[in-house]
Amino acid sequence: MNKKLEPGSEYEKYDSDGDGVVTDEELATTERLQSLEIANEKAEAQKNMCWFALFGMLLYPSGIVITSFLKLDQAASILGDIASVYFISVSGLIAAFFGFQSFNKK
């Protein structure tokens, strides 16, 4: 015996054929769709983080130049000192992102 959904039920969105009954097949389909949406959101967030890191890496040298131009020599020196660690870290992040992207496509 199938259980009918109450009007306005929170599970009504899982009833894809609109017959008032949520079957196991409809639940499985909904679960697959939700997992695909979550995977897509995760990939989008990773892509945004990668772009943010890349732009930071490209703008970092201009930060050093700007601090030198503004006569903030100590700030320019500090930025220059941490540049090597920053570039290695961000390069590793970007390389890992693109590496996993190509690995997942195979």
# chains A, B, ... in the order shown; residues from 1 in each chain; ligands from 1
>>> residues_around(residues="range 5-20 of chain A", least_positions_apart="6", cutoff="7 Å", atoms="only C-alpha atoms", output="count of residues only")
3
>>> closest_residue(among="A:Tyr60, A:Ser77, A:Ile38, A:Ala53", to="Gly92 in chain A", atoms="only C-alpha atoms")
A:Ala53
>>> select_by_dssp(residues="chain A", states="alpha helix (DSSP H)", output="count of residues only")
79
>>> atom_distance(atom1="CA of Ala28 in chain A", atom2="CA of Glu44 in chain A")
24.3 Å
>>> residues_around(residues="Leu79 in chain A", least_positions_apart="3", cutoff="12 Å", atoms="only C-alpha atoms", output="MDAnalysis selection string")
chainID A and resid 60:68 72:76 82:87
>>> closest_residue(among="A:Ile94, A:Val21, A:Ile78, A:Ala39", to="Phe52 in chain A", atoms="only C-alpha atoms")
A:Ile94
>>> closest_residue(among="A:Ala43, A:Leu33, A:Val22, A:Val90", to="Gly56 in chain A", atoms="only C-alpha atoms")
A:Val90
